[in-house]
$ cat structure10.txt   # compact mmCIF, C-alpha atoms and all ligand atoms
# COMPACT_ATOMS: atom_id res chain seq x y z
CA MET A 1 -108.06 -271.89 58.77
CA THR A 2 -105.47 -270.49 56.38
CA ASP A 3 -103.10 -267.77 57.62
CA HIS A 4 -104.40 -265.22 55.15
CA LEU A 5 -107.98 -265.91 56.11
CA SER A 6 -107.20 -265.56 59.83
CA GLU A 7 -105.28 -262.36 59.18
CA PHE A 8 -108.25 -261.00 57.22
CA LEU A 9 -110.66 -261.88 60.04
CA ASN A 10 -108.27 -260.25 62.55
CA ARG A 11 -108.33 -257.06 60.51
CA LEU A 12 -112.12 -257.22 60.48
CA SER A 13 -112.22 -257.58 64.29
CA GLN A 14 -109.71 -254.74 64.74
CA SER A 15 -111.65 -252.37 62.50
CA LEU A 16 -114.83 -253.20 64.44
CA ASP A 17 -113.09 -252.58 67.77
CA ALA A 18 -111.67 -249.28 66.49
CA ASN A 19 -115.03 -248.31 64.99
CA THR A 20 -113.40 -247.70 61.59
CA LEU A 21 -115.24 -250.27 59.50
CA SER A 22 -117.31 -248.82 56.68
CA LYS A 23 -118.39 -252.10 55.10
CA LEU A 24 -117.30 -255.57 54.09
CA VAL A 25 -118.35 -256.92 50.70
CA LEU A 26 -118.22 -260.65 49.92
CA SER A 27 -118.43 -261.39 46.18
CA LYS A 28 -117.71 -264.06 43.53
CA TYR A 29 -120.41 -266.30 44.93
CA GLN A 30 -120.07 -269.99 44.16
CA GLY A 31 -122.58 -271.49 46.57
CA GLY A 32 -125.86 -273.19 45.82
CA GLU A 33 -128.30 -270.29 46.35
CA LYS A 34 -130.01 -269.20 43.17
CA GLU A 35 -129.55 -265.55 42.14
CA LEU A 36 -127.39 -264.61 45.15
CA VAL A 37 -124.81 -262.07 43.95
CA ARG A 38 -123.03 -260.65 46.96
CA LEU A 39 -123.19 -260.16 50.70
CA THR A 40 -122.58 -256.74 52.29
CA VAL A 41 -121.84 -256.56 56.01
CA ARG A 42 -122.02 -253.36 58.07
CA PRO A 43 -121.84 -252.65 61.81
CA VAL A 44 -125.15 -251.56 63.38
CA THR A 45 -126.39 -250.85 66.89
CA LEU A 46 -129.67 -252.43 67.93
CA ARG A 47 -131.12 -251.63 71.34
CA ALA A 48 -127.70 -250.39 72.46
CA GLU A 49 -126.00 -253.70 71.42
CA ASP A 50 -123.47 -254.03 68.57
CA TYR A 51 -124.47 -256.28 65.69
CA LEU A 52 -123.35 -257.07 62.18
CA SER A 53 -126.01 -256.45 59.58
CA PHE A 54 -125.76 -258.97 56.70
CA VAL A 55 -127.47 -257.80 53.51
CA TYR A 56 -127.74 -260.63 50.99
CA GLN A 57 -128.12 -259.10 47.54
CA TYR A 58 -129.95 -261.26 45.02
CA GLN A 59 -130.55 -260.28 41.41
CA THR A 60 -133.94 -258.75 42.20
CA ARG A 61 -134.18 -258.46 45.99
CA GLU A 62 -132.29 -258.08 49.25
CA ILE A 63 -132.53 -259.95 52.52
CA THR A 64 -131.13 -258.52 55.76
CA LYS A 65 -130.13 -260.58 58.78
CA ASN A 66 -128.51 -259.21 61.92
CA HIS A 67 -126.04 -261.25 63.97
CA PRO A 68 -124.21 -260.54 67.25
CA VAL A 69 -120.66 -259.49 66.34
CA ALA A 70 -118.79 -262.68 67.35
CA GLU A 71 -121.37 -264.89 65.64
CA GLY A 72 -121.20 -262.70 62.53
CA ILE A 73 -117.40 -262.88 62.29
CA ALA A 74 -117.53 -266.68 62.64
CA LEU A 75 -120.13 -266.84 59.87
CA ILE A 76 -117.98 -264.72 57.57
CA GLY A 77 -115.05 -267.07 58.27
CA GLN A 78 -117.19 -270.04 57.20
CA LYS A 79 -118.36 -268.37 54.00
CA LEU A 80 -114.94 -267.20 52.77
CA GLY A 81 -113.18 -269.58 50.42
CA THR A 82 -116.29 -271.77 50.27
CA ASP A 83 -119.34 -269.74 49.17
CA PHE A 84 -117.54 -266.48 48.36
CA GLN A 85 -114.15 -266.30 46.63
CA ASN A 86 -113.49 -262.60 47.18
CA ALA A 87 -113.85 -260.12 50.04
CA ASN A 88 -113.17 -256.37 50.24
CA LEU A 89 -112.97 -254.80 53.66
CA LEU A 90 -113.36 -251.00 53.56
CA ALA A 91 -112.17 -249.21 56.66
CA ARG A 92 -111.06 -245.67 57.35
CA ASP A 93 -107.38 -246.65 57.22
CA GLY A 94 -107.66 -248.39 53.85
CA GLU A 95 -109.01 -251.34 51.96
CA THR A 96 -108.06 -254.98 52.46
CA GLN A 97 -108.83 -257.57 49.83
CA LEU A 98 -108.86 -261.34 50.28
CA GLN A 99 -109.02 -263.40 47.08
CA PHE A 100 -109.13 -267.17 46.53
CA SER A 101 -107.63 -268.61 43.34
CA LYS A 102 -109.38 -271.30 41.32
CA LYS A 103 -107.37 -273.84 43.30
CA GLY A 104 -108.59 -272.29 46.56
CA LYS A 105 -105.31 -270.54 47.41
CA PRO A 106 -105.88 -267.30 49.34
CA SER A 107 -103.98 -264.03 48.80
CA LEU A 108 -104.26 -260.87 50.83
CA GLN A 109 -103.62 -257.28 49.75
CA HIS A 110 -103.89 -254.05 51.70
CA HIS A 111 -104.21 -250.66 50.00
CA GLY A 112 -103.51 -248.20 52.76
CA GLN A 113 -102.78 -244.78 51.27
CA VAL A 114 -104.41 -244.89 47.87
CA ARG A 115 -107.82 -246.12 48.84
CA ALA A 116 -108.13 -244.59 52.27
CA ALA A 117 -109.79 -241.49 50.85
CA ALA A 118 -112.35 -243.61 49.04
CA ALA A 119 -113.05 -245.53 52.22
CA ASP A 120 -113.46 -242.28 54.11
CA LYS A 121 -115.85 -241.08 51.47
CA ALA A 122 -117.82 -244.28 51.78
CA HIS A 123 -117.79 -243.92 55.55
CA ASN A 124 -119.05 -240.32 55.36
CA HIS A 125 -121.69 -241.39 52.92
CA GLU A 126 -122.87 -243.98 55.40
CA LYS A 127 -122.97 -241.38 58.14
CA HIS A 128 -125.28 -239.24 56.04
CA ARG A 129 -127.96 -241.88 56.06
CA LEU A 130 -129.44 -241.06 59.41
CA LEU A 131 -132.01 -243.85 59.41
CA ASP A 132 -131.43 -247.43 58.26
CA LEU A 133 -133.97 -249.24 56.15
CA ASP A 134 -133.60 -252.32 58.30
CA ARG A 135 -135.39 -250.75 61.27
CA PRO A 136 -138.29 -253.08 62.14
CA PHE A 137 -140.72 -250.18 62.81
CA LEU A 138 -140.43 -249.17 59.15
CA THR A 139 -142.04 -252.48 58.24
CA ASP A 140 -144.81 -251.96 60.81
CA LEU A 141 -145.49 -248.48 59.38
CA GLY A 142 -145.60 -249.79 55.81
CA VAL A 143 -142.40 -248.12 54.57
CA THR A 144 -140.55 -251.41 54.00
CA ASP A 145 -141.76 -254.91 53.19
CA ALA A 146 -141.21 -258.02 55.31
CA GLU A 147 -137.70 -258.33 53.84
CA GLN A 148 -136.95 -254.72 54.78
CA ARG A 149 -136.88 -253.44 51.22
CA LEU A 150 -138.32 -250.01 50.50
CA ILE A 151 -141.86 -250.25 49.15
CA PRO A 152 -141.67 -248.28 45.88
CA ALA A 153 -144.82 -246.25 46.63
CA MET A 154 -143.16 -245.06 49.86
CA SER A 155 -139.99 -243.67 48.27
CA ARG A 156 -141.19 -240.04 48.55
CA LYS A 157 -142.04 -240.52 52.21
CA TRP A 158 -138.64 -242.16 52.76
CA LYS A 159 -136.88 -239.13 51.23
CA GLN A 160 -138.98 -236.80 53.34
CA ILE A 161 -138.16 -238.72 56.54
CA ASN A 162 -134.43 -238.63 55.80
CA LYS A 163 -134.46 -234.95 54.85
CA PHE A 164 -136.39 -234.16 58.00
CA LEU A 165 -133.82 -236.06 60.10
CA GLU A 166 -131.01 -234.02 58.53
CA ILE A 167 -132.72 -230.77 59.52
CA PHE A 168 -133.59 -232.17 62.94
CA SER A 169 -129.98 -233.27 63.56
CA HIS A 170 -128.60 -229.81 62.71
CA ALA A 171 -131.17 -228.11 64.92
CA PHE A 172 -130.38 -230.57 67.73
CA GLU A 173 -126.68 -229.72 67.49
CA GLN A 174 -127.39 -225.99 67.67
CA ALA A 175 -129.70 -226.39 70.67
CA GLN A 176 -126.92 -227.94 72.83
CA LEU A 177 -129.34 -229.60 75.21
CA PRO A 178 -127.87 -230.89 78.50
CA ALA A 179 -126.55 -234.44 78.13
CA ASP A 180 -127.36 -235.55 81.69
CA ARG A 181 -131.12 -235.91 81.23
CA PRO A 182 -133.49 -237.32 78.61
CA VAL A 183 -134.35 -235.19 75.59
CA ARG A 184 -138.10 -234.42 75.60
CA VAL A 185 -139.74 -234.22 72.20
CA LEU A 186 -143.38 -233.67 71.23
CA ASP A 187 -144.61 -234.41 67.71
CA PHE A 188 -147.97 -232.70 67.22
CA GLY A 189 -150.27 -234.20 64.58
CA SER A 190 -147.99 -237.23 64.40
CA GLY A 191 -150.23 -239.11 61.92
CA LYS A 192 -148.75 -242.51 61.19
CA GLY A 193 -145.69 -241.68 63.28
CA TYR A 194 -143.02 -241.84 60.56
CA LEU A 195 -141.17 -238.81 61.90
CA THR A 196 -141.84 -239.61 65.55
CA PHE A 197 -140.23 -243.06 65.22
CA ALA A 198 -137.39 -241.63 63.12
CA VAL A 199 -136.57 -238.95 65.70
CA HIS A 200 -136.65 -241.47 68.56
CA ASP A 201 -134.42 -243.85 66.57
CA TRP A 202 -131.90 -241.12 65.72
CA LEU A 203 -131.73 -239.76 69.27
CA THR A 204 -131.40 -243.13 70.97
CA ARG A 205 -129.35 -245.12 68.45
CA ALA A 206 -127.25 -242.58 66.55
CA GLN A 207 -126.77 -240.20 69.47
CA GLY A 208 -127.00 -242.70 72.32
CA ARG A 209 -129.25 -240.25 74.19
CA ALA A 210 -132.06 -241.06 76.58
CA ALA A 211 -135.23 -239.62 75.08
CA HIS A 212 -138.94 -239.20 75.81
CA VAL A 213 -140.61 -238.80 72.44
CA THR A 214 -144.39 -238.38 72.33
CA GLY A 215 -146.68 -238.26 69.31
CA VAL A 216 -150.05 -236.51 69.71
CA GLU A 217 -152.68 -237.34 67.12
CA LEU A 218 -156.44 -236.78 66.78
CA ARG A 219 -157.10 -240.08 65.06
CA ASP A 220 -157.20 -242.97 67.50
CA PRO A 221 -156.64 -245.77 64.93
CA LEU A 222 -153.31 -244.19 63.97
CA VAL A 223 -152.29 -243.91 67.61
CA LYS A 224 -153.14 -247.60 68.13
CA LEU A 225 -151.12 -248.59 65.06
CA CYS A 226 -148.11 -246.63 66.33
CA MET A 227 -148.38 -248.09 69.84
CA GLN A 228 -148.50 -251.62 68.40
CA ALA A 229 -145.27 -250.89 66.51
CA VAL A 230 -143.69 -249.50 69.71
CA GLU A 231 -144.65 -252.66 71.58
CA ARG A 232 -143.44 -255.01 68.85
CA SER A 233 -140.02 -253.34 68.82
CA GLN A 234 -140.06 -252.88 72.62
CA LEU A 235 -138.94 -249.28 72.28
CA GLN A 236 -138.38 -247.37 75.51
CA GLY A 237 -139.23 -243.67 75.75
CA LEU A 238 -141.59 -243.53 72.77
CA ASP A 239 -145.34 -243.19 73.14
CA PHE A 240 -148.42 -241.87 71.35
CA PHE A 241 -151.55 -240.17 72.70
CA THR A 242 -154.95 -239.71 71.17
CA GLY A 243 -155.50 -236.00 71.70
CA ASP A 244 -155.96 -232.55 70.26
CA VAL A 245 -153.01 -230.22 69.80
CA ARG A 246 -155.28 -227.42 70.98
CA SER A 247 -155.73 -228.86 74.47
CA PHE A 248 -152.72 -231.15 74.99
CA ASP A 249 -150.50 -230.05 77.84
CA THR A 250 -147.22 -231.32 79.19
CA PRO A 251 -144.96 -230.00 81.94
CA GLN A 252 -141.66 -229.88 80.04
CA LEU A 253 -140.47 -229.78 76.48
CA ASP A 254 -137.15 -229.44 74.63
CA ILE A 255 -138.17 -229.91 70.99
CA MET A 256 -141.57 -229.28 69.45
CA ILE A 257 -142.30 -230.76 66.03
CA ALA A 258 -145.49 -230.18 64.02
CA LEU A 259 -145.33 -231.30 60.42
CA HIS A 260 -148.38 -230.71 58.30
CA ALA A 261 -150.68 -230.17 61.29
CA CYS A 262 -153.71 -228.58 59.67
CA ASP A 263 -154.33 -224.82 59.67
CA ILE A 264 -154.32 -223.27 63.16
CA ALA A 265 -153.27 -226.57 64.78
CA THR A 266 -149.79 -225.31 63.77
CA ASP A 267 -150.37 -222.10 65.78
CA TYR A 268 -151.43 -224.09 68.86
CA ALA A 269 -148.35 -226.30 68.48
CA ILE A 270 -145.99 -223.32 68.15
CA HIS A 271 -147.68 -221.68 71.11
CA THR A 272 -147.14 -224.78 73.28
CA GLY A 273 -143.48 -224.78 72.22
CA ILE A 274 -143.03 -221.10 73.15
CA ARG A 275 -145.01 -221.38 76.40
CA LEU A 276 -142.93 -224.33 77.60
CA GLY A 277 -139.66 -222.70 76.51
CA ALA A 278 -138.77 -225.40 73.95
CA SER A 279 -135.21 -224.98 72.65
CA VAL A 280 -136.22 -226.03 69.14
CA ILE A 281 -139.51 -225.49 67.30
CA LEU A 282 -139.82 -227.15 63.92
CA CYS A 283 -142.96 -226.99 61.84
CA ALA A 284 -144.12 -227.42 58.28
CA PRO A 285 -147.49 -225.64 58.13
CA CYS A 286 -150.36 -226.60 55.88
CA CYS A 287 -153.90 -225.36 55.00
CA HIS A 288 -153.63 -221.61 55.59
CA LYS A 289 -157.32 -220.86 56.06
CA GLU A 290 -157.41 -218.27 58.83
CA ILE A 291 -155.81 -215.26 57.14
CA ARG A 292 -157.10 -215.56 53.59
CA PRO A 293 -160.66 -214.24 54.14
CA GLN A 294 -159.32 -211.31 56.19
CA MET A 295 -156.77 -210.06 53.68
CA HIS A 296 -157.28 -206.78 51.81
CA SER A 297 -154.53 -206.28 49.28
CA PRO A 298 -153.86 -202.90 47.63
CA ALA A 299 -155.86 -202.17 44.45
CA VAL A 300 -152.72 -202.31 42.31
CA MET A 301 -152.38 -206.02 43.18
CA GLN A 302 -155.92 -206.97 42.19
CA PRO A 303 -154.96 -208.09 38.65
CA LEU A 304 -152.53 -210.53 40.25
CA LEU A 305 -154.76 -211.67 43.07
CA LYS A 306 -157.89 -212.23 41.02
CA HIS A 307 -156.34 -215.66 40.42
CA GLY A 308 -157.22 -217.84 43.39
CA ILE A 309 -153.85 -219.59 43.36
CA HIS A 310 -152.02 -216.28 43.84
CA LEU A 311 -154.31 -215.28 46.68
CA GLY A 312 -153.63 -218.64 48.33
CA GLN A 313 -149.87 -218.20 47.93
CA GLU A 314 -150.03 -214.70 49.35
CA ALA A 315 -152.12 -215.84 52.34
CA GLU A 316 -149.59 -218.62 52.97
CA MET A 317 -146.63 -216.25 52.82
CA VAL A 318 -148.29 -213.72 55.13
CA THR A 319 -149.41 -216.39 57.63
CA ASP A 320 -146.02 -218.07 57.85
CA GLY A 321 -144.18 -214.75 57.77
CA LEU A 322 -146.21 -213.56 60.76
CA ARG A 323 -145.57 -216.85 62.59
CA ALA A 324 -141.82 -216.44 62.02
CA LEU A 325 -141.92 -212.84 63.29
CA LEU A 326 -143.96 -213.84 66.35
CA LEU A 327 -141.35 -216.52 67.11
CA GLU A 328 -138.59 -213.91 66.78
CA ALA A 329 -140.47 -211.59 69.11
CA SER A 330 -140.75 -214.49 71.58
CA GLY A 331 -136.97 -215.01 71.81
CA TYR A 332 -136.22 -217.36 68.90
CA ASP A 333 -133.86 -217.10 65.92
CA THR A 334 -136.09 -218.16 63.07
CA GLN A 335 -135.63 -219.37 59.51
CA VAL A 336 -138.20 -220.19 56.84
CA PHE A 337 -136.96 -222.44 54.03
CA GLU A 338 -137.86 -225.14 51.56
CA PHE A 339 -138.17 -228.46 53.32
CA VAL A 340 -138.39 -231.07 50.57
CA SER A 341 -138.53 -230.13 46.91
CA LEU A 342 -141.93 -230.04 45.25
CA GLU A 343 -140.93 -233.23 43.53
CA HIS A 344 -141.61 -235.14 46.78
CA THR A 345 -144.49 -233.27 48.41
CA SER A 346 -146.50 -230.13 47.80
CA LYS A 347 -146.24 -229.15 51.47
CA ASN A 348 -142.70 -227.97 51.32
CA LYS A 349 -142.10 -225.13 53.73
CA MET A 350 -140.36 -225.40 57.07
CA ILE A 351 -140.22 -222.92 59.93
CA LEU A 352 -137.27 -223.62 62.21
CA ALA A 353 -136.85 -221.66 65.42
CA ILE A 354 -133.98 -222.02 67.89
CA LYS A 355 -134.28 -220.37 71.29
CA ARG A 356 -131.77 -217.58 71.83
CA ARG A 357 -129.52 -217.75 74.84
CA THR A 358 -129.50 -214.01 75.23
CA VAL A 359 -132.45 -211.63 75.48
CA LYS A 360 -132.99 -209.28 72.54
CA ASP A 361 -135.32 -206.31 72.46
CA SER A 362 -138.36 -207.28 70.39
CA ALA A 363 -139.91 -203.82 69.96
CA ALA A 364 -138.81 -203.44 66.33
CA VAL A 365 -140.16 -206.88 65.39
CA ARG A 366 -143.49 -206.14 67.09
CA GLU A 367 -143.72 -202.94 65.09
CA GLN A 368 -143.14 -204.91 61.87
CA ILE A 369 -145.93 -207.31 62.84
CA GLY A 370 -148.30 -204.40 63.50
CA ALA A 371 -147.42 -202.74 60.18
CA LEU A 372 -147.95 -205.93 58.17
CA LYS A 373 -151.31 -206.59 59.80
CA ALA A 374 -152.43 -203.04 59.10
CA PHE A 375 -151.26 -203.25 55.47
CA TYR A 376 -153.23 -206.44 54.80
CA GLY A 377 -156.18 -205.53 57.06
CA ILE A 378 -155.64 -208.58 59.27
CA ARG A 379 -157.71 -208.46 62.42
CA GLU A 380 -156.67 -211.74 64.03
CA GLN A 381 -153.90 -214.30 63.80
CA CYS A 382 -154.27 -217.37 66.03
CA LEU A 383 -150.69 -217.56 67.35
CA GLU A 384 -150.68 -213.87 68.21
CA THR A 385 -153.99 -214.22 70.08
CA LEU A 386 -152.70 -217.23 72.05
CA LEU A 387 -149.49 -215.42 72.98
CA ALA A 388 -151.37 -212.28 73.99
CA ALA A 389 -153.55 -214.35 76.36
CA ASP A 390 -150.36 -215.43 78.20
CA GLN A 391 -149.48 -211.83 79.04
CA PRO A 392 -150.53 -210.71 82.49
CA THR A 393 -153.34 -208.15 82.29
CA ALA A 394 -152.50 -204.66 83.60
C1 LIG A 401 -150.91 -234.56 57.07
S1 LIG A 401 -150.82 -235.46 58.55
C2 LIG A 401 -149.09 -235.37 58.92
C3 LIG A 401 -148.58 -236.46 59.80
C4 LIG A 401 -147.12 -236.35 60.20
N1 LIG A 401 -146.85 -235.17 60.98
C5 LIG A 401 -146.21 -236.41 58.98
O1 LIG A 401 -145.76 -235.35 58.53
O2 LIG A 401 -145.94 -237.51 58.50
C6 LIG A 401 -151.52 -234.34 59.72
C7 LIG A 401 -152.00 -235.04 60.95
O3 LIG A 401 -152.36 -234.07 61.92
C8 LIG A 401 -153.50 -234.56 62.61
N2 LIG A 401 -154.15 -233.40 63.22
C9 LIG A 401 -154.78 -232.37 62.60
N3 LIG A 401 -155.26 -231.51 63.50
C10 LIG A 401 -154.91 -231.98 64.71
C11 LIG A 401 -155.14 -231.53 66.03
N4 LIG A 401 -155.81 -230.42 66.28
N5 LIG A 401 -154.65 -232.26 67.04
C12 LIG A 401 -153.97 -233.43 66.81
N6 LIG A 401 -153.73 -233.89 65.58
C13 LIG A 401 -154.20 -233.19 64.54
C14 LIG A 401 -154.31 -235.23 61.52
O4 LIG A 401 -155.22 -236.18 62.05
C15 LIG A 401 -153.24 -235.88 60.67
O5 LIG A 401 -152.99 -237.21 61.05
$ encode --input "structure10.txt" --output "structure tokens"
Amino acid sequence: MTDHLSEFLNRLSQSLDANTLSKLVLSKYQGGEKELVRLTVRPVTLRAEDYLSFVYQYQTREITKNHPVAEGIALIGQKLGTDFQNANLLARDGETQLQFSKKGKPSLQHHGQVRAAAADKAHNHEKHRLLDLDRPFLTDLGVTDAEQRLIPAMSRKWKQINKFLEIFSHAFEQAQLPADRPVRVLDFGSGKGYLTFAVHDWLTRAQGRAAHVTGVELRDPLVKLCMQAVERSQLQGLDFFTGDVRSFDTPQLDIMIALHACDIATDYAIHTGIRLGASVILCAPCCHKEIRPQMHSPAVMQPLLKHGIHLGQEAEMVTDGLRALLLEASGYDTQVFEFVSLEHTSKNKMILAIKRRTVKDSAAVREQIGALKAFYGIREQCLETLLAADQPTA
């Protein structure tokens, strides 16, 4: 092994030990594989073990292979100066380049100051991707193909999953859950489990936390599909139940998620979160059927509301506004905001509630709820009814 090559591999090992490696790119391919352009290597953690993820980039596709770190470094050593004539190692303290001349003579350059910022930027960029496409469950759920490439028809879902994880990670930080016990998460109306798997992956791999994540879903075939994916990947602390949000019970809960659970299933989910004192409640409601037939808007608004779409939008705003106020009255700081732009899904509203650490008088909020109901002539709202039933009778 040449001195420059061994020095380069030493730098690679050191940056892995110090956890500063952003990526390693091997280029100028001269081997025998048709259409292979470059190889990008990144550190990843799989089932709590460190690996190197090798992404072979061909002209029209990518293939990912994961290797234990020592095996990966040895493989890189074999490929340099033979298959690949150039390598750029991007770490937080700079960029190191190894080049081989036409005669096979290696030269090594290190750009400490100048390129460190770029490396940092690259590193931060990597950090922003909270879920990696190479996760095997994504193939089981139909997000990626057998070679772990994103299936084009799933690109909207992929964006939604990543955006959801961003919101989830911020909420998780704010909640400051104790680190000495598993985080307990319920995903109501989990469907095909995209978000349930993503949350479990982020908590256990990115955060290194023990977690019990449970998806609850009416449709048994979806639950079976999710459980098969859990078993194939041998994931601990992730399970799915065939059940109804309206009757599912559990003793303890830290984070309640309900994305696109239909109509009042969202109210039952929020109610379970409040009743069990969840620190975080995250929901994206859909199908606002309960309030619409009850609403009486003032006569002056009739010219606007004679259009069904406006009536639907108003019913949605009132329903979700009341849910947010009921959460506030139940001890949560609540926000309502756009979840994913309309470009990706039409169901694009998120209610995020974080449990307050201090008690706040809720009389004013309850008055606002009463006034709004009176204004719109609303007799019943499911979440309010469920919460009222929890109150001890006088
Ligand atoms: C539109 S899907 C959303 C799935 C998933 N949360 C997501 O965002 O990818 C809504 C899911 O909620 C389930 N669902 C609706 N009402 C439910 C209920 N009462 N209990 C359990 N699941 C329910 C449906 O079967 C469906 O799979």
$ residues_near_ligand --input "structure10.txt" --ligand "ligand LIG 401 (chain A)" --cutoff "10 Å" --atoms "all atoms listed in the file" --output "JSON, numbers by chain"
{"A": [157, 160, 161, 164, 187, 188, 189, 190, 191, 192, 193, 194, 195, 196, 215, 216, 217, 218, 219, 220, 222, 223, 241, 242, 243, 244, 245, 246, 247, 248, 257, 258, 259, 260, 261, 262, 263, 264, 265, 266, 267, 268, 269, 283, 284, 285, 286, 287, 347]}
$ residues_around --input "structure10.txt" --residues "A:Thr45" --least-positions-apart "2" --cutoff "10 Å" --atoms "all atoms listed in the file" --output "PyMOL selection string"
chain A and resi 43+47-53+66+68+205-206+208
$ atom_distance --input "structure10.txt" --atom1 "atom CA of A:Ala87" --atom2 "atom CA of A:Thr40"
9.6 Å
$ residues_near_point --input "structure10.txt" --point "(-136.1, -260.1, 46.3)" --cutoff "10 Å" --atoms "only C-alpha atoms" --output "PyMOL selection string"
chain A and resi 35-36+56-63+147+149
$ atom_distance --input "structure10.txt" --atom1 "atom CA of A:Ser169" --atom2 "atom CA of A:Phe197"
14.3 Å
$ residues_near_point --input "structure10.txt" --point "(-138.5, -218.0, 56.8)" --cutoff "9 Å" --atoms "only C-alpha atoms" --output "CSV table (one decimal) with C-alpha atoms, keeping the file's coordinate frame"
chain,number,residue,atom,x,y,z
A,320,ASP,CA,-146.0,-218.1,57.8
A,321,GLY,CA,-144.2,-214.8,57.8
A,324,ALA,CA,-141.8,-216.4,62.0
A,325,LEU,CA,-141.9,-212.8,63.3
A,334,THR,CA,-136.1,-218.2,63.1
A,335,GLN,CA,-135.6,-219.4,59.5
A,336,VAL,CA,-138.2,-220.2,56.8
A,337,PHE,CA,-137.0,-222.4,54.0
A,338,GLU,CA,-137.9,-225.1,51.6
A,349,LYS,CA,-142.1,-225.1,53.7
A,350,MET,CA,-140.4,-225.4,57.1
A,351,ILE,CA,-140.2,-222.9,59.9
A,352,LEU,CA,-137.3,-223.6,62.2
$ atom_distance --input "structure10.txt" --atom1 "atom CA of A:Ser297" --atom2 "atom CA of A:Ala364"
23.4 Å
$ closest_residue --input "structure10.txt" --among "A:Ser279, A:Thr272, A:Gln78, A:Gln228" --to "A:Ala171" --atoms "all atoms listed in the file"
A:Ser279
$ closest_residue --input "structure10.txt" --among "A:Leu39, A:Val280, A:Leu253, A:Val185" --to "A:Phe240" --atoms "only C-alpha atoms"
A:Val185
$ closest_residue --input "structure10.txt" --among "A:Val143, A:Leu282, A:Leu322, A:Ala363" --to "A:Cys382" --atoms "all atoms listed in the file"
A:Leu322
$ residues_around --input "structure10.txt" --residues "A:Gly331" --least-positions-apart "4" --cutoff "9 Å" --atoms "all atoms listed in the file" --output "list in words"
Ile274, Leu326, Leu327, Ile354, Lys355, Arg356, Arg357, Thr358, Val359, Lys360, Asp361 and Ser362 of chain A
$ closest_residue --input "structure10.txt" --among "A:Arg92, A:Arg38, A:His212, A:His4" --to "A:Ser22" --atoms "only C-alpha atoms"
A:Arg92
$ residues_around --input "structure10.txt" --residues "A:Ile281" --least-positions-apart "4" --cutoff "6 Å" --atoms "only C-alpha atoms" --output "list in words"
Ile255, Met256, Leu352 and Ala353 of chain A
$ closest_residue --input "structure10.txt" --among "A:Gly112, A:Pro106, A:Gly81, A:Gly308" --to "A:Asp93" --atoms "all atoms listed in the file"
A:Gly112
$ axis_aligned_box --input "structure10.txt" --around "stretch 195-205 of chain A" --padding-each-side "3 Å" --output "AutoDock Vina command-line options"
--center_x -135.6 --center_y -242.0 --center_z 66.4 --size_x 18.5 --size_y 12.3 --size_z 15.1
